[in-house]
file start-v3.pdb (PDB, C-alpha atoms)
ATOM      1  CA  MET G   1       0.000   0.000   0.000
ATOM      2  CA  MET G   2       1.134   3.490  -0.751
ATOM      3  CA  PRO G   3       1.593   5.826   2.208
ATOM      4  CA  PRO G   4      -1.058   8.503   2.576
ATOM      5  CA  PRO G   5      -0.095  11.905   1.092
ATOM      6  CA  ARG G   6       1.415  14.337   3.485
ATOM      7  CA  PRO G   7      -0.672  17.385   4.259
ATOM      8  CA  VAL G   8       0.487  20.665   2.756
ATOM      9  CA  ILE G   9       1.171  23.191   5.460
ATOM     10  CA  ALA G  10       0.581  26.818   4.441
ATOM     11  CA  MET G  11       3.194  29.114   5.970
ATOM     12  CA  SER G  12       2.599  32.798   6.381
ATOM     13  CA  LEU G  13       5.537  35.056   5.526
ATOM     14  CA  PRO G  14       6.402  38.167   7.465
ATOM     15  CA  MET G  15       5.314  41.281   5.576
ATOM     16  CA  SER G  16       8.885  42.678   5.509
ATOM     17  CA  LEU G  17      10.186  39.510   3.837
ATOM     18  CA  LEU G  18       7.272  39.487   1.390
ATOM     19  CA  ARG G  19       8.074  43.064   0.340
ATOM     20  CA  ARG G  20      11.718  42.128  -0.267
ATOM     21  CA  LEU G  21      10.718  39.163  -2.424
ATOM     22  CA  LEU G  22       8.355  41.319  -4.465
ATOM     23  CA  PHE G  23      11.103  43.937  -4.884
ATOM     24  CA  VAL G  24      13.495  41.294  -6.230
ATOM     25  CA  ALA G  25      10.841  39.913  -8.573
ATOM     26  CA  VAL G  26      10.140  43.350 -10.040
ATOM     27  CA  VAL G  27      13.641  44.831 -10.132
ATOM     28  CA  LEU G  28      15.715  41.930 -11.412
ATOM     29  CA  PRO G  29      14.078  41.669 -14.872
ATOM     30  CA  ALA G  30      14.593  45.421 -15.395
ATOM     31  CA  GLY G  31      18.250  45.083 -14.415
ATOM     32  CA  ALA G  32      18.648  42.144 -16.776
ATOM     33  CA  ALA G  33      17.163  44.214 -19.590
ATOM     34  CA  ALA G  34      19.607  47.022 -18.869
ATOM     35  CA  MET G  35      22.526  44.577 -18.978
ATOM     36  CA  ALA G  36      21.283  43.302 -22.346
ATOM     37  CA  GLN G  37      21.605  46.747 -23.933
ATOM     38  CA  THR G  38      24.435  46.935 -26.439
ATOM     39  CA  HIS G  39      25.997  49.353 -28.900
ATOM     40  CA  CYS G  40      26.449  46.553 -31.441
ATOM     41  CA  ASP G  41      24.336  46.468 -34.583
ATOM     42  CA  PRO G  42      22.488  43.110 -34.469
ATOM     43  CA  SER G  43      22.575  42.899 -38.264
ATOM     44  CA  LEU G  44      26.391  42.636 -38.253
ATOM     45  CA  ALA G  45      28.065  39.337 -37.384
ATOM     46  CA  PRO G  46      31.532  39.653 -35.819
ATOM     47  CA  SER G  47      34.382  38.106 -37.779
ATOM     48  CA  THR G  48      35.626  34.819 -36.359
ATOM     49  CA  ASN G  49      38.813  34.911 -38.420
ATOM     50  CA  HIS G  50      40.093  38.303 -37.294
ATOM     51  CA  PRO G  51      41.520  38.864 -33.790
ATOM     52  CA  TYR G  52      39.792  42.261 -33.580
ATOM     53  CA  GLY G  53      36.182  41.217 -34.149
ATOM     54  CA  TYR G  54      33.124  43.462 -33.915
ATOM     55  CA  ILE G  55      32.207  43.215 -30.215
ATOM     56  CA  GLU G  56      31.464  45.414 -27.197
ATOM     57  CA  ARG G  57      34.558  47.332 -26.107
ATOM     58  CA  GLY G  58      33.659  49.460 -23.107
ATOM     59  CA  ASP G  59      31.419  52.332 -24.209
ATOM     60  CA  ARG G  60      31.319  51.292 -27.859
ATOM     61  CA  CYS G  61      31.053  48.327 -30.235
ATOM     62  CA  GLU G  62      33.970  48.073 -32.615
ATOM     63  CA  GLY G  63      35.842  45.696 -34.871
ATOM     64  CA  VAL G  64      35.788  43.607 -38.028
ATOM     65  CA  TYR G  65      32.529  42.011 -39.126
ATOM     66  CA  ILE G  66      31.440  39.552 -41.791
ATOM     67  CA  GLN G  67      30.388  41.156 -45.058
ATOM     68  CA  ALA G  68      26.647  41.702 -45.176
ATOM     69  CA  VAL G  69      24.743  40.480 -48.220
ATOM     70  CA  GLY G  70      23.010  43.113 -50.328
ATOM     71  CA  GLY G  71      23.187  46.875 -50.100
ATOM     72  CA  THR G  72      21.910  50.091 -51.629
ATOM     73  CA  THR G  73      22.498  51.582 -55.056
ATOM     74  CA  LEU G  74      23.926  54.740 -53.504
ATOM     75  CA  ALA G  75      25.467  54.377 -50.030
ATOM     76  CA  LEU G  76      26.207  57.303 -47.710
ATOM     77  CA  LEU G  77      29.533  56.594 -45.990
ATOM     78  CA  SER G  78      30.589  59.889 -44.403
ATOM     79  CA  PHE G  79      29.350  63.404 -43.635
ATOM     80  CA  THR G  80      31.932  65.675 -42.029
ATOM     81  CA  ALA G  81      32.622  69.328 -41.346
ATOM     82  CA  SER G  82      36.359  68.765 -40.976
ATOM     83  CA  LEU G  83      38.804  65.893 -40.689
ATOM     84  CA  GLY G  84      42.256  66.642 -39.290
ATOM     85  CA  GLU G  85      45.431  64.624 -39.610
ATOM     86  CA  ILE G  86      45.294  61.258 -37.830
ATOM     87  CA  ASP G  87      48.305  59.331 -36.548
ATOM     88  CA  ILE G  88      46.880  55.952 -35.565
ATOM     89  CA  ASP G  89      50.193  54.827 -34.076
ATOM     90  CA  SER G  90      50.463  57.786 -31.688
ATOM     91  CA  GLY G  91      48.087  56.276 -29.133
ATOM     92  CA  ARG G  92      46.168  59.554 -28.893
ATOM     93  CA  PRO G  93      42.352  59.328 -29.062
ATOM     94  CA  LEU G  94      40.407  60.826 -31.932
ATOM     95  CA  LEU G  95      38.150  63.642 -30.746
ATOM     96  CA  LEU G  96      34.781  63.634 -32.516
ATOM     97  CA  GLU G  97      32.698  66.811 -32.147
ATOM     98  CA  TRP G  98      29.354  68.018 -33.488
ATOM     99  CA  PRO G  99      26.928  70.934 -33.062
ATOM    100  CA  ALA G 100      24.346  70.443 -30.321
ATOM    101  CA  PRO G 101      21.122  69.327 -32.025
ATOM    102  CA  PRO G 102      17.623  70.312 -30.914
ATOM    103  CA  GLY G 103      15.461  67.706 -29.239
ATOM    104  CA  ASP G 104      15.955  65.305 -26.360
ATOM    105  CA  ARG G 105      17.452  62.250 -28.056
ATOM    106  CA  ASP G 106      20.921  60.731 -27.774
ATOM    107  CA  VAL G 107      23.482  61.158 -30.548
ATOM    108  CA  GLN G 108      24.579  58.054 -32.461
ATOM    109  CA  LEU G 109      28.105  57.873 -33.875
ATOM    110  CA  ARG G 110      29.261  55.500 -36.580
ATOM    111  CA  ALA G 111      32.718  55.108 -38.063
ATOM    112  CA  GLN G 112      33.428  52.647 -40.830
ATOM    113  CA  SER G 113      36.112  51.462 -43.172
ATOM    114  CA  MET G 114      35.795  52.648 -46.749
ATOM    115  CA  GLN G 115      38.279  50.033 -47.942
ATOM    116  CA  ARG G 116      36.487  47.573 -50.172
ATOM    117  CA  ARG G 117      37.802  44.414 -48.468
ATOM    118  CA  LEU G 118      37.956  45.579 -44.862
ATOM    119  CA  PHE G 119      34.578  45.414 -43.121
ATOM    120  CA  TYR G 120      35.248  47.421 -39.994
ATOM    121  CA  ARG G 121      32.887  49.552 -37.934
ATOM    122  CA  MET G 122      32.543  51.414 -34.661
ATOM    123  CA  ASP G 123      29.148  52.225 -33.128
ATOM    124  CA  THR G 124      28.479  54.207 -29.980
ATOM    125  CA  SER G 125      26.024  56.688 -28.496
ATOM    126  CA  VAL G 126      26.412  59.893 -26.492
ATOM    127  CA  ARG G 127      23.767  61.053 -24.038
ATOM    128  CA  VAL G 128      21.618  64.027 -24.936
ATOM    129  CA  GLY G 129      23.486  67.287 -24.371
ATOM    130  CA  GLY G 130      26.903  65.826 -25.202
ATOM    131  CA  THR G 131      28.785  67.325 -28.158
ATOM    132  CA  ARG G 132      32.037  65.354 -28.160
ATOM    133  CA  TYR G 133      33.399  61.836 -27.896
ATOM    134  CA  ARG G 134      36.978  60.657 -27.374
ATOM    135  CA  TRP G 135      37.501  57.568 -29.493
ATOM    136  CA  PRO G 136      40.532  55.390 -28.640
ATOM    137  CA  THR G 137      42.551  54.612 -31.785
ATOM    138  CA  ASP G 138      43.884  51.198 -30.777
ATOM    139  CA  GLY G 139      41.333  49.546 -33.046
ATOM    140  CA  LEU G 140      42.308  51.696 -36.030
ATOM    141  CA  ALA G 141      45.938  50.791 -35.374
ATOM    142  CA  ALA G 142      45.070  47.079 -35.126
ATOM    143  CA  VAL G 143      43.568  47.038 -38.622
ATOM    144  CA  LYS G 144      45.859  49.783 -40.009
ATOM    145  CA  LEU G 145      42.962  51.965 -41.109
ATOM    146  CA  ALA G 146      44.284  55.275 -42.405
ATOM    147  CA  ARG G 147      42.563  58.655 -42.420
ATOM    148  CA  ALA G 148      41.672  58.455 -46.119
ATOM    149  CA  ASP G 149      39.794  55.178 -45.552
ATOM    150  CA  LEU G 150      37.720  56.365 -42.581
ATOM    151  CA  GLY G 151      34.055  57.304 -42.960
ATOM    152  CA  LEU G 152      32.291  59.166 -40.132
ATOM    153  CA  VAL G 153      28.568  59.731 -39.579
ATOM    154  CA  GLY G 154      26.775  61.231 -36.588
ATOM    155  CA  PHE G 155      23.003  61.457 -36.229
ATOM    156  CA  THR G 156      20.123  61.844 -33.841
ATOM    157  CA  ARG G 157      16.397  61.208 -34.228
ATOM    158  CA  MET G 158      13.727  63.878 -34.448
ATOM    159  CA  THR G 159      10.044  64.094 -35.279
ATOM    160  CA  ILE G 160       9.663  66.150 -38.445
ATOM    161  CA  GLY G 161       6.213  66.772 -39.884
ATOM    162  CA  GLY G 162       4.813  64.076 -37.604
ATOM    163  CA  VAL G 163       7.328  61.455 -38.760
ATOM    164  CA  GLU G 164      10.350  60.341 -36.758
ATOM    165  CA  GLN G 165      13.526  60.228 -38.823
ATOM    166  CA  GLU G 166      17.285  60.407 -38.616
ATOM    167  CA  VAL G 167      18.931  63.841 -38.691
ATOM    168  CA  LEU G 168      22.618  63.947 -39.573
ATOM    169  CA  LEU G 169      25.107  66.107 -37.689
ATOM    170  CA  PRO G 170      28.263  67.290 -39.499
ATOM    171  CA  LEU G 171      31.184  65.801 -37.560
ATOM    172  CA  SER G 172      34.600  67.307 -36.896
ATOM    173  CA  ALA G 173      37.445  64.909 -36.099
ATOM    174  CA  SER G 174      40.952  65.622 -34.875
ATOM    175  CA  GLN G 175      43.569  64.366 -32.446
ATOM    176  CA  SER G 176      44.100  67.939 -31.247
ATOM    177  CA  ALA G 177      41.546  69.424 -28.865
ATOM    178  CA  GLY G 178      39.986  72.789 -29.607
ATOM    179  CA  THR G 179      40.489  72.670 -33.368
ATOM    180  CA  ARG G 180      36.836  72.531 -34.413
ATOM    181  CA  ALA G 181      36.008  75.285 -36.871
ATOM    182  CA  SER G 182      32.942  76.462 -38.793
ATOM    183  CA  PRO G 183      33.697  75.403 -42.372
ATOM    184  CA  ALA G 184      32.031  76.885 -45.408
ATOM    185  CA  VAL G 185      31.662  73.467 -47.033
ATOM    186  CA  TYR G 186      30.766  70.040 -45.668
ATOM    187  CA  THR G 187      32.115  66.836 -47.214
ATOM    188  CA  LEU G 188      29.721  64.060 -48.193
ATOM    189  CA  LEU G 189      31.191  60.734 -49.341
ATOM    190  CA  LEU G 190      29.075  58.319 -51.380
ATOM    191  CA  ARG G 191      29.683  54.947 -52.989
ATOM    192  CA  PRO G 192      27.548  53.822 -55.944
ATOM    193  CA  ALA G 193      27.022  50.089 -56.359
ATOM    194  CA  VAL G 194      26.656  50.545 -60.133
ATOM    195  CA  GLY G 195      28.149  52.909 -62.701
ATOM    196  CA  LEU G 196      26.570  56.353 -62.907
ATOM    197  CA  SER G 197      26.481  58.861 -65.734
ATOM    198  CA  GLU G 198      25.738  61.906 -63.559
ATOM    199  CA  LEU G 199      24.847  63.131 -60.081
ATOM    200  CA  PHE G 200      22.604  66.070 -59.149
ATOM    201  CA  VAL G 201      22.628  67.771 -55.733
ATOM    202  CA  SER G 202      20.030  70.035 -54.125
ATOM    203  CA  VAL G 203      19.817  71.479 -50.603
ATOM    204  CA  ALA G 204      16.693  73.133 -49.207
ATOM    205  CA  PRO G 205      15.628  74.357 -45.737
ATOM    206  CA  LEU G 206      12.800  72.436 -44.119
ATOM    207  CA  MET G 207       9.551  74.124 -43.152
ATOM    208  CA  PRO G 208       7.963  73.388 -39.726
ATOM    209  CA  ASP G 209       5.623  70.865 -41.370
ATOM    210  CA  GLY G 210       8.591  68.905 -42.723
ATOM    211  CA  ARG G 211       8.290  70.035 -46.344
ATOM    212  CA  ALA G 212      11.250  71.517 -48.197
ATOM    213  CA  ALA G 213      11.051  75.197 -49.100
ATOM    214  CA  ARG G 214      10.147  75.790 -52.731
ATOM    215  CA  ASP G 215      12.102  78.949 -53.445
ATOM    216  CA  VAL G 216      15.463  77.211 -53.807
ATOM    217  CA  ALA G 217      17.765  76.714 -56.753
ATOM    218  CA  PRO G 218      17.280  73.539 -58.821
ATOM    219  CA  GLY G 219      19.643  70.622 -58.315
ATOM    220  CA  ARG G 220      23.143  71.347 -59.551
ATOM    221  CA  GLU G 221      25.007  68.919 -61.744
ATOM    222  CA  LEU G 222      28.142  67.590 -60.100
ATOM    223  CA  GLY G 223      29.893  67.299 -63.451
ATOM    224  CA  TYR G 224      32.669  64.824 -62.635
ATOM    225  CA  GLY G 225      32.132  62.973 -65.911
ATOM    226  CA  LEU G 226      32.967  59.488 -64.651
ATOM    227  CA  TYR G 227      31.355  57.617 -61.742
ATOM    228  CA  PRO G 228      32.538  53.977 -61.757
ATOM    229  CA  ALA G 229      30.825  51.346 -59.633
ATOM    230  CA  ASP G 230      32.288  50.983 -56.115
ATOM    231  CA  ALA G 231      34.395  54.146 -56.454
ATOM    232  CA  LEU G 232      34.095  56.848 -53.791
ATOM    233  CA  VAL G 233      32.386  60.081 -54.838
ATOM    234  CA  GLU G 234      33.099  63.259 -52.887
ATOM    235  CA  VAL G 235      30.194  65.700 -52.877
ATOM    236  CA  PRO G 236      30.724  69.218 -51.455
ATOM    237  CA  ILE G 237      27.724  70.593 -49.555
ATOM    238  CA  ASP G 238      27.708  74.336 -48.897
ATOM    239  CA  ALA G 239      27.170  74.993 -45.188
ATOM    240  CA  PRO G 240      24.018  77.127 -44.784
ATOM    241  CA  ARG G 241      24.304  80.402 -42.915
ATOM    242  CA  LYS G 242      21.047  80.091 -41.010
ATOM    243  CA  ARG G 243      20.378  77.648 -38.205
ATOM    244  CA  GLY G 244      17.824  74.940 -38.922
ATOM    245  CA  LEU G 245      17.099  71.650 -40.609
ATOM    246  CA  TYR G 246      18.002  71.139 -44.256
ATOM    247  CA  ALA G 247      16.980  68.459 -46.740
ATOM    248  CA  VAL G 248      19.567  67.102 -49.161
ATOM    249  CA  GLN G 249      18.565  65.242 -52.297
ATOM    250  CA  ILE G 250      21.102  63.392 -54.431
ATOM    251  CA  GLY G 251      19.736  62.334 -57.793
ATOM    252  CA  ALA G 252      21.745  59.746 -59.729
ATOM    253  CA  ARG G 253      21.396  58.890 -63.392
ATOM    254  CA  LEU G 254      22.401  55.256 -63.939
ATOM    255  CA  ARG G 255      24.701  54.426 -66.817
ATOM    256  CA  SER G 256      22.535  51.393 -67.621
ATOM    257  CA  GLY G 257      19.389  53.550 -67.708
ATOM    258  CA  GLY G 258      16.999  54.728 -65.056
ATOM    259  CA  SER G 259      17.731  56.719 -61.940
ATOM    260  CA  THR G 260      17.870  56.558 -58.158
ATOM    261  CA  THR G 261      17.642  59.096 -55.339
ATOM    262  CA  LEU G 262      19.280  59.445 -51.934
ATOM    263  CA  GLN G 263      17.692  61.819 -49.428
ATOM    264  CA  PHE G 264      18.643  62.870 -45.916
ATOM    265  CA  VAL G 265      18.204  65.717 -43.431
ATOM    266  CA  PHE G 266      20.958  67.484 -41.508
ATOM    267  CA  HIS G 267      21.050  70.008 -38.683
ATOM    268  CA  GLN G 268      22.859  73.311 -39.223
ATOM    269  CA  ALA G 269      23.975  75.177 -36.115
ATOM    270  CA  GLY G 270      24.264  78.584 -37.785
ATOM    271  CA  SER G 271      23.115  81.951 -36.488
TER
END
call {"tool": "encode", "arguments": {"input": "start-v3.pdb", "output": "structure tokens"}}
result
Amino acid sequence: MMPPPRPVIAMSLPMSLLRRLLFVAVVLPAGAAAMAQTHCDPSLAPSTNHPYGYIERGDRCEGVYIQAVGGTTLALLSFTASLGEIDIDSGRPLLLEWPAPPGDRDVQLRAQSMQRRLFYRMDTSVRVGGTRYRWPTDGLAAVKLARADLGLVGFTRMTIGGVEQEVLLPLSASQSAGTRASPAVYTLLLRPAVGLSELFVSVAPLMPDGRAARDVAPGRELGYGLYPADALVEVPIDAPRKRGLYAVQIGARLRSGGSTTLQFVFHQAGS
């Protein structure tokens, strides 16, 4: 015969202990979620063959990743106000600076290799109100990434005309503090995936409702003559005098026929 089941004895817990258990039950999942936050882009897989893979490194995610499949016809690789000389073997950090944007969102920073066979990237964020970031250059030295092969993009997010979108911030980069200036021209670097016959550039201030102003000059022809596939294209963007948001439209005429357009918004910290 089987022994009779033992009675279940209900035990009452002291209220102080019960409160502590409830506190642990509520707080621990939130703490776990905070620990799960990362600067790494989940769409990029870190390289397993390179000793400096794309992983969390303190306040940033940085390293070599596996080439992603696919891409865009016209890729935006860099948007800078100035880029000083960089000595990656000096051990000095690279100071990234930008104009303080409106709004209450953090600033996202992205640096990437523009070498065709080196898939390297750095991602980090700076809390709202911050206008500079000191980037250690040990990673650049590890992969021997020179100044000419470095693309830099900074952006925040804003609601424009009822739609949330990315707003680019022209970055200044230097290993010498206090060298940020107010340039007359910004540098935009693009890479077409296919051959182009011509590029057209237009810049227009944005109205409060998110529409571009109409009384602006038509898109200007870049006029370089030759735009091979995978070759970098440098596009000068005149820095506006007035503070505000500006829409940039890059129209590309494909050599094979047809066209494509790249559009973005940037913040100008003028008067």
call {"tool": "resolve_selection", "arguments": {"input": "start-v3.pdb", "expression": "the PyMOL selection byres ((chain G and resi 119) around 12)", "output": "PyMOL selection string"}}
result
chain G and resi 44-47+50+52-54+62-68+111-118+120-122+143+145+149-151
call {"tool": "write_last_selection", "arguments": {"input": "start-v3.pdb", "atoms": "C-alpha atoms", "output": "PDB file, in the frame of the given file"}}
result
ATOM      1  CA  LEU G  44      26.391  42.636 -38.253  1.00  0.00           C
ATOM      2  CA  ALA G  45      28.065  39.337 -37.384  1.00  0.00           C
ATOM      3  CA  PRO G  46      31.532  39.653 -35.819  1.00  0.00           C
ATOM      4  CA  SER G  47      34.382  38.106 -37.779  1.00  0.00           C
ATOM      5  CA  HIS G  50      40.093  38.303 -37.294  1.00  0.00           C
ATOM      6  CA  TYR G  52      39.792  42.261 -33.580  1.00  0.00           C
ATOM      7  CA  GLY G  53      36.182  41.217 -34.149  1.00  0.00           C
ATOM      8  CA  TYR G  54      33.124  43.462 -33.915  1.00  0.00           C
ATOM      9  CA  GLU G  62      33.970  48.073 -32.615  1.00  0.00           C
ATOM     10  CA  GLY G  63      35.842  45.696 -34.871  1.00  0.00           C
ATOM     11  CA  VAL G  64      35.788  43.607 -38.028  1.00  0.00           C
ATOM     12  CA  TYR G  65      32.529  42.011 -39.126  1.00  0.00           C
ATOM     13  CA  ILE G  66      31.440  39.552 -41.791  1.00  0.00           C
ATOM     14  CA  GLN G  67      30.388  41.156 -45.058  1.00  0.00           C
ATOM     15  CA  ALA G  68      26.647  41.702 -45.176  1.00  0.00           C
ATOM     16  CA  ALA G 111      32.718  55.108 -38.063  1.00  0.00           C
ATOM     17  CA  GLN G 112      33.428  52.647 -40.830  1.00  0.00           C
ATOM     18  CA  SER G 113      36.112  51.462 -43.172  1.00  0.00           C
ATOM     19  CA  MET G 114      35.795  52.648 -46.749  1.00  0.00           C
ATOM     20  CA  GLN G 115      38.279  50.033 -47.942  1.00  0.00           C
ATOM     21  CA  ARG G 116      36.487  47.573 -50.172  1.00  0.00           C
ATOM     22  CA  ARG G 117      37.802  44.414 -48.468  1.00  0.00           C
ATOM     23  CA  LEU G 118      37.956  45.579 -44.862  1.00  0.00           C
ATOM     24  CA  TYR G 120      35.248  47.421 -39.994  1.00  0.00           C
ATOM     25  CA  ARG G 121      32.887  49.552 -37.934  1.00  0.00           C
ATOM     26  CA  MET G 122      32.543  51.414 -34.661  1.00  0.00           C
ATOM     27  CA  VAL G 143      43.568  47.038 -38.622  1.00  0.00           C
ATOM     28  CA  LEU G 145      42.962  51.965 -41.109  1.00  0.00           C
ATOM     29  CA  ASP G 149      39.794  55.178 -45.552  1.00  0.00           C
ATOM     30  CA  LEU G 150      37.720  56.365 -42.581  1.00  0.00           C
ATOM     31  CA  GLY G 151      34.055  57.304 -42.960  1.00  0.00           C
TER      32      GLY G 151
END
call {"tool": "residues_around", "arguments": {"input": "start-v3.pdb", "residues": "G:Arg220", "least_positions_apart": "4", "cutoff": "10 Å", "atoms": "all atoms listed in the file", "output": "list of chain:residue names"}}
result
G:Leu199, G:Phe200, G:Val201, G:Ser202, G:Val203, G:Ile250, G:Gly251
call {"tool": "residues_around", "arguments": {"input": "start-v3.pdb", "residues": "G:Ala142", "least_positions_apart": "2", "cutoff": "10 Å", "atoms": "all atoms listed in the file", "output": "PyMOL selection string"}}
result
chain G and resi 51-52+63+88-89+137-140+144-145
call {"tool": "closest_atom_pairs", "arguments": {"input": "start-v3.pdb", "of": "stretch 42-158 of chain G", "to": "stretch 242-246 of chain G", "cutoff": "12 Å", "atoms": "only C-alpha atoms", "output": "tab-separated table"}}
result
residue	atom	partner	partner_atom	distance
G:Pro99	CA	G:Arg243	CA	10.7
G:Ala100	CA	G:Arg243	CA	11.4
G:Pro101	CA	G:Gly244	CA	9.5
G:Pro102	CA	G:Gly244	CA	9.3
G:Met158	CA	G:Leu245	CA	10.5
call {"tool": "residues_around", "arguments": {"input": "start-v3.pdb", "residues": "G:Pro192", "least_positions_apart": "4", "cutoff": "6 Å", "atoms": "all atoms listed in the file", "output": "VMD selection string"}}
result
chain G and resid 73 to 74 229 to 230
call {"tool": "residues_around", "arguments": {"input": "start-v3.pdb", "residues": "G:Arg191", "least_positions_apart": "4", "cutoff": "7 Å", "atoms": "only C-alpha atoms", "output": "PyMOL selection string"}}
result
chain G and resi 74-76+230-233
call {"tool": "residues_around", "arguments": {"input": "start-v3.pdb", "residues": "G:Glu198", "least_positions_apart": "2", "cutoff": "6 Å", "atoms": "all atoms listed in the file", "output": "JSON list (two decimals) with C-alpha atoms, in the frame of the given file"}}
result
[["chain", "number", "residue", "atom", "x", "y", "z"],
["G", 196, "LEU", "CA", 26.57, 56.35, -62.91],
["G", 252, "ALA", "CA", 21.74, 59.75, -59.73],
["G", 253, "ARG", "CA", 21.40, 58.89, -63.39]]
call {"tool": "residues_near_point", "arguments": {"input": "start-v3.pdb", "point": "(35.7, 65.9, -36.9)", "cutoff": "12 Å", "atoms": "only C-alpha atoms", "output": "ChimeraX atom specification"}}
result
/G:78-86,94-99,109,111,131-135,147,150-154,169-183,186-187
call {"tool": "decode", "arguments": {"input": "start-v3.pdb", "residues": "stretch 207-233 of chain G", "atoms": "C-alpha atoms", "output": "compact mmCIF listing (two decimals), in the first residue's frame"}}
result
# COMPACT_ATOMS: atom_id res chain seq x y z
CA MET G 207 9.55 74.12 -43.15
CA PRO G 208 7.96 73.39 -39.73
CA ASP G 209 5.62 70.87 -41.37
CA GLY G 210 8.59 68.90 -42.72
CA ARG G 211 8.29 70.04 -46.34
CA ALA G 212 11.25 71.52 -48.20
CA ALA G 213 11.05 75.20 -49.10
CA ARG G 214 10.15 75.79 -52.73
CA ASP G 215 12.10 78.95 -53.45
CA VAL G 216 15.46 77.21 -53.81
CA ALA G 217 17.76 76.71 -56.75
CA PRO G 218 17.28 73.54 -58.82
CA GLY G 219 19.64 70.62 -58.31
CA ARG G 220 23.14 71.35 -59.55
CA GLU G 221 25.01 68.92 -61.74
CA LEU G 222 28.14 67.59 -60.10
CA GLY G 223 29.89 67.30 -63.45
CA TYR G 224 32.67 64.82 -62.64
CA GLY G 225 32.13 62.97 -65.91
CA LEU G 226 32.97 59.49 -64.65
CA TYR G 227 31.36 57.62 -61.74
CA PRO G 228 32.54 53.98 -61.76
CA ALA G 229 30.83 51.35 -59.63
CA ASP G 230 32.29 50.98 -56.12
CA ALA G 231 34.40 54.15 -56.45
CA LEU G 232 34.10 56.85 -53.79
CA VAL G 233 32.39 60.08 -54.84
